[in-house]
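What follows is a short report on a single structure.
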Amino acid sequence: MKNGITILWADDEIDMLKPQILFLEEKGYDVHAVTNGLDAVDKCIDPNIDLIFLDEGMPGLSGLETLQMIKEKRPAIPIVMITKNETEGLMEEAIGSQISDYLIKPVKSQQILLTLKKLIDNKRLVTEKTDSNYQKEFQKIFFTLQDANDHQQWFDIYRKLVHWELELDRTGTAGMKEVLTSQKAEANVEFGKFIDKNYLKWVAGKGEKPVMSNTLLEEKVFPLLQDKVPTFFVLIDNLRYDQWRIIEPLISEFFKLRTEEHFYSILPTATQYARNAIFAGLMPVEIEKRLPSLWLNDEDEGGKNQHEAEFLKDNIVRHKLNIRYSYHKILNFNEGKQLEDNILNLLNNDFNVIVYNFVDMLSHARTEMEVLKELASDETAYRSLTKSWFDHSPLLDALRKLSDKKVRIIITTDHGTMRVQAPSKVVADRNTTTNLRYKSGKNLQYNKKDVFEVKVPAEAGLPRQHVTSSFIFAKEDAFFAYPNNYNHYVNYFKNTFQHGGISLEEMIVPFAVFES
């Protein structure tokens, strides 16, 4: 029975391969045999040819020469090199020419069949196995969701969900991806309940709490600086854990991953709160008290992240660290190129902080530009766009320049982002904050099931602008919408990536340490 797969086999001793060819034909493969490289080049343009077996030692046009000519005509077709010669140089040249596999003569029928399964049926087999494995894991995750009661368990759950999300991106069917999306939504429901119960306890220092934005440098970074190895702390704004997992292999080409950990972003999971807390090593209410001239509340005019360098300096002085350090904020491509050009000059410092502001700009631009909505239509596309940016960014080029130096690289972020779907009506006065995932103001009216409310901001480590001010944070995939012009507002912001609220994607963020 034919299976629809056609093979081109080029070998000057093709008559000696009759048993193998008959075996393949019995298995349903259609085999076209030729005896030289020129005929192989002519035949390869047939669109029905799915795979090529190519003898390396043919007289006249050699196997490697034939390989290069075929690749010019059919660059994506799988080619299996068959050779008597096992020399390392030959194998390196063949692999460098992008063969898909190679076999050593004399080839056995089962070897050939295994190669075909690997190259032709690989996608189907891996997809089926991945779907099956996730189905088994689904129940385990489901039961874990019901019992999760500490911050480490929630990270483990989120890490598993991201793992399967990436696996199903690569191989899975649409049906399985829908199941995972549903399970992830269920996880965020339970995670919101967990934060309801525990967040204010963490801020008050009660019980076991995770590393949070305000304790990140003290607990995870400053202890590393004692060995005087130049350390580059790279904070990519708004980088979710799944986006981190996508770019990690690009960094691992040049550095060795020592630890991959996480921390919890404080609330609001917004740059002006979370990132300032990281560099100051303080909760926002403490920053306002200690450095009142530098802290700006939501209602205040001016940039809310203009004083990170001063916050970092105060933190370093407060911890009595005798180090040379620098701070750099990269807001556009030209500034990124300047960083790349000057990166080696920073090796004289013990500690170099680099804030790279691309992913945040991407999420904002996606809200406003139709072309980016198309390019990043969902999480899968959003991850792909992030990887494409990073792969061609001056940041990766700068890191590459450091790869042969004795350095330490830390990759992290300030918070993640959530693709919002469910509008939640809120009524507030004109001075209320405009953020879609959190609100701070007076006399807020809202749907209680959608929010985590903090009536006394100081209990969450937050400043209070007015005597009656409170905070509310959207949970799951909700976003706040005002009754006025409601439909337009909802249509504009639905399915956009936002931050400031409570979700696994926003609060649990990566912290990874690499060494040369």
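Numbering starts fresh at 1 for the residues of each chain in the structure tokens, the chains themselves are lettered A, B, ... in the order given, and ligands are numbered from 1 as they appear.
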message: Please identify the helix (DSSP H, G or I) residues within stretch 336-430 of chain A (assignment by DSSP from backbone atoms) and present them as a ChimeraX atom specification.
response: /A:336-348,359-368,370-375,379-391,394-401
I need the chosen residues saved as a tab-separated table (two decimals), in the first residue's frame, with N, CA and C atoms.
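Heads up, here's the output in out.tsv:
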```tsv
chain	number	residue	atom	x	y	z
A	336	GLY	N	21.02	51.20	22.04
A	336	GLY	CA	21.47	49.82	22.10
A	336	GLY	C	22.80	49.62	21.39
A	337	LYS	N	22.97	50.26	20.23
A	337	LYS	CA	24.23	50.16	19.50
A	337	LYS	C	25.37	50.81	20.28
A	338	GLN	N	25.09	51.92	20.95
A	338	GLN	CA	26.12	52.56	21.78
A	338	GLN	C	26.55	51.63	22.92
A	339	LEU	N	25.57	50.94	23.51
A	339	LEU	CA	25.91	49.97	24.56
A	339	LEU	C	26.79	48.87	24.00
A	340	GLU	N	26.41	48.35	22.84
A	340	GLU	CA	27.20	47.29	22.21
A	340	GLU	C	28.64	47.75	21.96
A	341	ASP	N	28.79	48.97	21.45
A	341	ASP	CA	30.12	49.49	21.13
A	341	ASP	C	30.98	49.68	22.38
A	342	ASN	N	30.35	50.00	23.52
A	342	ASN	CA	31.10	50.34	24.73
A	342	ASN	C	31.10	49.25	25.79
A	343	ILE	N	30.52	48.08	25.48
A	343	ILE	CA	30.30	47.08	26.52
A	343	ILE	C	31.60	46.62	27.17
A	344	LEU	N	32.67	46.52	26.40
A	344	LEU	CA	33.93	46.02	26.97
A	344	LEU	C	34.54	47.02	27.95
A	345	ASN	N	34.20	48.30	27.80
A	345	ASN	CA	34.72	49.30	28.74
A	345	ASN	C	34.13	49.12	30.13
A	346	LEU	N	33.01	48.40	30.22
A	346	LEU	CA	32.34	48.22	31.52
A	346	LEU	C	32.95	47.10	32.34
A	347	LEU	N	33.92	46.38	31.76
A	347	LEU	CA	34.55	45.28	32.49
A	347	LEU	C	35.33	45.75	33.71
A	348	ASN	N	35.62	47.05	33.76
A	348	ASN	CA	36.35	47.59	34.92
A	348	ASN	C	35.44	47.74	36.14
A	359	VAL	N	10.56	45.13	25.13
A	359	VAL	CA	9.34	44.33	25.21
A	359	VAL	C	8.17	45.17	25.69
A	360	ASP	N	8.42	46.09	26.60
A	360	ASP	CA	7.36	46.98	27.09
A	360	ASP	C	6.84	47.85	25.94
A	361	MET	N	7.76	48.39	25.14
A	361	MET	CA	7.33	49.20	24.00
A	361	MET	C	6.54	48.36	23.00
A	362	LEU	N	6.94	47.10	22.84
A	362	LEU	CA	6.23	46.21	21.93
A	362	LEU	C	4.79	46.00	22.39
A	363	SER	N	4.59	45.78	23.69
A	363	SER	CA	3.23	45.54	24.18
A	363	SER	C	2.37	46.78	24.03
A	364	HIS	N	2.95	47.98	24.26
A	364	HIS	CA	2.18	49.21	24.09
A	364	HIS	C	1.89	49.48	22.62
A	365	ALA	N	2.90	49.27	21.77
A	365	ALA	CA	2.71	49.53	20.34
A	365	ALA	C	1.69	48.56	19.75
A	366	ARG	N	1.66	47.33	20.27
A	366	ARG	CA	0.70	46.35	19.77
A	366	ARG	C	-0.73	46.82	20.02
A	367	THR	N	-0.95	47.50	21.14
A	367	THR	CA	-2.29	48.01	21.44
A	367	THR	C	-2.72	49.04	20.41
A	368	GLU	N	-1.77	49.83	19.92
A	368	GLU	CA	-2.10	50.99	19.11
A	368	GLU	C	-1.97	50.76	17.60
A	370	GLU	N	-2.33	48.35	14.23
A	370	GLU	CA	-3.00	47.18	13.70
A	370	GLU	C	-2.02	46.15	13.16
A	371	VAL	N	-0.92	46.61	12.56
A	371	VAL	CA	0.02	45.66	11.98
A	371	VAL	C	0.66	44.80	13.07
A	372	LEU	N	0.92	45.38	14.25
A	372	LEU	CA	1.49	44.59	15.34
A	372	LEU	C	0.46	43.66	15.96
A	373	LYS	N	-0.81	44.06	15.92
A	373	LYS	CA	-1.85	43.15	16.39
A	373	LYS	C	-1.88	41.90	15.53
A	374	GLU	N	-1.61	42.08	14.23
A	374	GLU	CA	-1.57	40.93	13.34
A	374	GLU	C	-0.32	40.09	13.60
A	375	LEU	N	0.83	40.75	13.78
A	375	LEU	CA	2.09	40.04	13.98
A	375	LEU	C	2.14	39.33	15.32
A	379	GLU	N	-0.41	34.64	22.27
A	379	GLU	CA	0.82	34.41	23.03
A	379	GLU	C	1.91	33.77	22.18
A	380	THR	N	1.52	32.82	21.33
A	380	THR	CA	2.50	32.14	20.48
A	380	THR	C	3.22	33.14	19.57
A	381	ALA	N	2.46	33.98	18.92
A	381	ALA	CA	3.04	34.98	18.02
A	381	ALA	C	3.83	36.04	18.80
A	382	TYR	N	3.34	36.38	20.00
A	382	TYR	CA	4.03	37.37	20.84
A	382	TYR	C	5.40	36.85	21.25
A	383	ARG	N	5.47	35.56	21.59
A	383	ARG	CA	6.76	34.95	21.92
A	383	ARG	C	7.68	34.95	20.71
A	384	SER	N	7.13	34.60	19.55
A	384	SER	CA	7.94	34.53	18.34
A	384	SER	C	8.53	35.90	17.99
A	385	LEU	N	7.72	36.94	18.15
A	385	LEU	CA	8.18	38.30	17.85
A	385	LEU	C	9.28	38.71	18.83
A	386	THR	N	9.11	38.32	20.09
A	386	THR	CA	10.14	38.63	21.10
A	386	THR	C	11.46	37.95	20.75
A	387	LYS	N	11.37	36.68	20.36
A	387	LYS	CA	12.60	35.94	20.01
A	387	LYS	C	13.28	36.57	18.80
A	388	SER	N	12.48	36.93	17.78
A	388	SER	CA	13.06	37.54	16.58
A	388	SER	C	13.77	38.84	16.93
A	389	TRP	N	13.13	39.67	17.79
A	389	TRP	CA	13.79	40.92	18.20
A	389	TRP	C	15.11	40.61	18.91
A	390	PHE	N	15.07	39.73	19.89
A	390	PHE	CA	16.26	39.48	20.69
A	390	PHE	C	17.39	38.91	19.85
A	391	ASP	N	17.06	38.02	18.92
A	391	ASP	CA	18.07	37.38	18.09
A	391	ASP	C	18.83	38.38	17.23
A	394	PRO	N	20.94	44.63	19.40
A	394	PRO	CA	22.26	45.02	19.90
A	394	PRO	C	22.56	44.43	21.27
A	395	LEU	N	21.52	44.11	22.03
A	395	LEU	CA	21.73	43.52	23.35
A	395	LEU	C	22.41	42.16	23.23
A	396	LEU	N	21.92	41.29	22.35
A	396	LEU	CA	22.56	39.99	22.17
A	396	LEU	C	23.96	40.15	21.60
A	397	ASP	N	24.14	41.11	20.71
A	397	ASP	CA	25.48	41.36	20.16
A	397	ASP	C	26.44	41.82	21.27
A	398	ALA	N	25.93	42.64	22.19
A	398	ALA	CA	26.75	43.10	23.31
A	398	ALA	C	27.13	41.92	24.21
A	399	LEU	N	26.17	41.06	24.50
A	399	LEU	CA	26.46	39.89	25.33
A	399	LEU	C	27.46	38.97	24.64
A	400	ARG	N	27.33	38.85	23.32
A	400	ARG	CA	28.26	38.00	22.57
A	400	ARG	C	29.70	38.50	22.72
A	401	LYS	N	29.88	39.81	22.77
A	401	LYS	CA	31.23	40.37	22.94
A	401	LYS	C	31.82	40.01	24.30
```
task: Give the strand (DSSP E or B) residues of stretch 423-467 of chain A, as DSSP finds them on the backbone, and put them as a list in words.
output: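 Put together, the selection reads Pro423, Ser424, Lys425, Val426, Val427, Tyr438, Lys439, Ser440, Gly441, Gln445, Tyr446, Val451, Phe452, Glu453 and Val454 of chain A.
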Residues from last step as file, all heavy atoms, as a tab-separated table (two decimals), in the first residue's frame:
```tsv
chain	number	residue	atom	x	y	z
A	423	PRO	N	-13.84	42.49	30.05
A	423	PRO	CA	-14.01	43.85	30.59
A	423	PRO	C	-14.76	43.81	31.93
A	423	PRO	O	-15.68	43.02	32.11
A	423	PRO	CB	-14.84	44.56	29.52
A	423	PRO	CG	-15.56	43.46	28.80
A	423	PRO	CD	-14.65	42.28	28.83
A	424	SER	N	-14.33	44.66	32.85
A	424	SER	CA	-14.97	44.76	34.16
A	424	SER	C	-15.27	46.23	34.42
A	424	SER	O	-14.36	47.06	34.45
A	424	SER	CB	-14.04	44.20	35.24
A	424	SER	OG	-14.63	44.30	36.52
A	425	LYS	N	-16.53	46.56	34.61
A	425	LYS	CA	-16.92	47.96	34.76
A	425	LYS	C	-16.43	48.52	36.10
A	425	LYS	O	-16.49	47.86	37.13
A	425	LYS	CB	-18.43	48.11	34.68
A	425	LYS	CG	-18.98	47.97	33.27
A	425	LYS	CD	-20.47	48.25	33.22
A	425	LYS	CE	-21.00	48.12	31.79
A	425	LYS	NZ	-22.45	48.39	31.70
A	426	VAL	N	-15.93	49.74	36.03
A	426	VAL	CA	-15.50	50.45	37.24
A	426	VAL	C	-15.96	51.89	37.13
A	426	VAL	O	-15.91	52.49	36.05
A	426	VAL	CB	-13.97	50.36	37.43
A	426	VAL	CG1	-13.23	51.03	36.28
A	426	VAL	CG2	-13.54	50.98	38.75
A	427	VAL	N	-16.43	52.45	38.23
A	427	VAL	CA	-16.84	53.85	38.30
A	427	VAL	C	-15.88	54.56	39.24
A	427	VAL	O	-15.62	54.08	40.35
A	427	VAL	CB	-18.29	53.99	38.80
A	427	VAL	CG1	-18.67	55.46	38.93
A	427	VAL	CG2	-19.24	53.27	37.87
A	438	TYR	N	-5.01	48.05	37.19
A	438	TYR	CA	-5.15	48.49	38.58
A	438	TYR	C	-5.69	49.90	38.59
A	438	TYR	O	-5.52	50.67	37.64
A	438	TYR	CB	-3.83	48.39	39.35
A	438	TYR	CG	-2.87	49.53	39.12
A	438	TYR	CD1	-2.86	50.66	39.95
A	438	TYR	CD2	-1.96	49.50	38.06
A	438	TYR	CE1	-1.98	51.72	39.73
A	438	TYR	CE2	-1.07	50.54	37.85
A	438	TYR	CZ	-1.09	51.65	38.68
A	438	TYR	OH	-0.23	52.69	38.46
A	439	LYS	N	-6.34	50.25	39.68
A	439	LYS	CA	-6.86	51.61	39.86
A	439	LYS	C	-6.52	52.07	41.27
A	439	LYS	O	-6.58	51.30	42.23
A	439	LYS	CB	-8.38	51.67	39.68
A	439	LYS	CG	-8.88	51.31	38.28
A	439	LYS	CD	-8.53	52.36	37.26
A	439	LYS	CE	-9.09	51.99	35.89
A	439	LYS	NZ	-8.60	52.92	34.85
A	440	SER	N	-6.17	53.35	41.37
A	440	SER	CA	-5.97	53.98	42.67
A	440	SER	C	-6.77	55.28	42.67
A	440	SER	O	-6.62	56.10	41.77
A	440	SER	CB	-4.48	54.28	42.91
A	440	SER	OG	-4.31	55.03	44.08
A	441	GLY	N	-7.63	55.43	43.67
A	441	GLY	CA	-8.44	56.64	43.72
A	441	GLY	C	-9.44	56.59	44.86
A	441	GLY	O	-9.41	55.69	45.71
A	445	GLN	N	-16.02	52.20	42.56
A	445	GLN	CA	-17.12	51.25	42.51
A	445	GLN	C	-16.79	50.20	41.44
A	445	GLN	O	-16.46	50.55	40.30
A	445	GLN	CB	-18.43	51.96	42.17
A	445	GLN	CG	-18.83	53.04	43.19
A	445	GLN	CD	-20.07	53.79	42.74
A	445	GLN	OE1	-21.05	53.18	42.31
A	445	GLN	NE2	-20.03	55.11	42.82
A	446	TYR	N	-16.92	48.93	41.78
A	446	TYR	CA	-16.41	47.88	40.91
A	446	TYR	C	-17.09	46.56	41.23
A	446	TYR	O	-17.82	46.42	42.23
A	446	TYR	CB	-14.89	47.74	41.12
A	446	TYR	CG	-14.52	47.66	42.58
A	446	TYR	CD1	-14.53	46.44	43.26
A	446	TYR	CD2	-14.20	48.81	43.29
A	446	TYR	CE1	-14.23	46.37	44.61
A	446	TYR	CE2	-13.89	48.74	44.64
A	446	TYR	CZ	-13.91	47.52	45.29
A	446	TYR	OH	-13.62	47.45	46.63
A	451	VAL	N	-11.70	41.61	41.41
A	451	VAL	CA	-10.59	42.42	41.93
A	451	VAL	C	-10.08	41.92	43.28
A	451	VAL	O	-10.77	41.21	44.02
A	451	VAL	CB	-11.00	43.90	42.08
A	451	VAL	CG1	-11.62	44.44	40.81
A	451	VAL	CG2	-11.93	44.11	43.26
A	452	PHE	N	-8.87	42.33	43.56
A	452	PHE	CA	-8.27	42.26	44.90
A	452	PHE	C	-8.20	43.71	45.38
A	452	PHE	O	-7.56	44.56	44.77
A	452	PHE	CB	-6.87	41.65	44.82
A	452	PHE	CG	-6.06	41.76	46.08
A	452	PHE	CD1	-6.56	41.36	47.31
A	452	PHE	CD2	-4.76	42.26	46.03
A	452	PHE	CE1	-5.80	41.44	48.46
A	452	PHE	CE2	-3.99	42.36	47.17
A	452	PHE	CZ	-4.50	41.95	48.39
A	453	GLU	N	-8.88	44.00	46.49
A	453	GLU	CA	-8.97	45.37	46.98
A	453	GLU	C	-8.03	45.58	48.16
A	453	GLU	O	-7.92	44.73	49.04
A	453	GLU	CB	-10.40	45.68	47.42
A	453	GLU	CG	-10.57	47.11	47.94
A	453	GLU	CD	-11.93	47.35	48.57
A	453	GLU	OE1	-12.47	46.42	49.18
A	453	GLU	OE2	-12.42	48.49	48.45
A	454	VAL	N	-7.37	46.72	48.17
A	454	VAL	CA	-6.54	47.14	49.30
A	454	VAL	C	-7.06	48.49	49.76
A	454	VAL	O	-6.81	49.52	49.14
A	454	VAL	CB	-5.05	47.23	48.90
A	454	VAL	CG1	-4.22	47.73	50.09
A	454	VAL	CG2	-4.53	45.88	48.43
```
- request: Choose the residue, out of A:Glu167, A:Asp378, A:Glu128, A:Glu308, that has the smallest atom-to-atom separation from A:Ala277; count only C-alpha atoms.
  value: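 Closest residue, counting only C-alpha atoms: A:Glu308.
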message: Need to verify the contact set: stretch 113-117 of chain A, 12 Å, only C-alpha atoms, exclusion of same-chain residues closer than 5 positions in sequence. Can you return it as an MDAnalysis selection string?
response: chainID A and resid 5:7 20:21 23:29 50:53 78:82 100:103 107:108 122:126
Suppose we keep C-alpha atoms; can you now write the selection as a short mmCIF file (atom, residue, chain, number, x, y, z; two decimals), in the first residue's frame?
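Generated file (result05.cif):
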```cif
data_model
loop_
_atom_site.label_atom_id
_atom_site.label_comp_id
_atom_site.auth_asym_id
_atom_site.auth_seq_id
_atom_site.Cartn_x
_atom_site.Cartn_y
_atom_site.Cartn_z
CA ILE A 5 6.32 9.27 0.16
CA THR A 6 8.72 9.41 -2.82
CA ILE A 7 12.46 8.85 -2.39
CA GLN A 20 16.83 -2.38 0.32
CA ILE A 21 14.78 -0.73 -2.44
CA PHE A 23 12.04 -3.56 1.20
CA LEU A 24 11.07 0.13 1.04
CA GLU A 25 8.62 -0.46 -1.78
CA GLU A 26 6.96 -3.22 0.26
CA LYS A 27 6.59 -0.65 3.06
CA GLY A 28 4.74 1.67 0.68
CA TYR A 29 7.57 4.01 -0.36
CA ASP A 50 10.15 14.07 -0.55
CA LEU A 51 13.65 12.87 0.48
CA ILE A 52 17.01 12.04 -1.10
CA PHE A 53 19.52 9.28 -0.30
CA PRO A 78 15.88 16.32 3.59
CA ILE A 79 19.08 14.66 2.34
CA VAL A 80 20.66 11.55 3.88
CA MET A 81 24.35 11.04 3.06
CA ILE A 82 25.45 7.39 2.70
CA SER A 100 19.58 15.77 7.61
CA ASP A 101 21.27 12.49 8.57
CA TYR A 102 23.97 10.09 7.42
CA LEU A 103 24.33 6.29 7.22
CA VAL A 107 23.26 0.00 5.13
CA LYS A 108 20.64 -2.31 6.60
CA ASN A 122 8.90 12.78 12.97
CA LYS A 123 6.39 15.64 13.14
CA ARG A 124 3.39 13.31 13.35
CA LEU A 125 5.01 10.96 15.88
CA VAL A 126 6.26 13.76 18.12
#
```
task: Write out as a VMD selection string each polymer residue whose atoms come within 9 Å of A:Thr35, counting only C-alpha atoms; drop sequence neighbours fewer than 2 positions from it.
output: chain A and resid 9 to 14 33 37 to 40 58
Residue nearest A:Glu219 among A:Phe263, A:Phe255, A:Tyr325, A:Tyr356 (counting only C-alpha atoms): A:Phe263
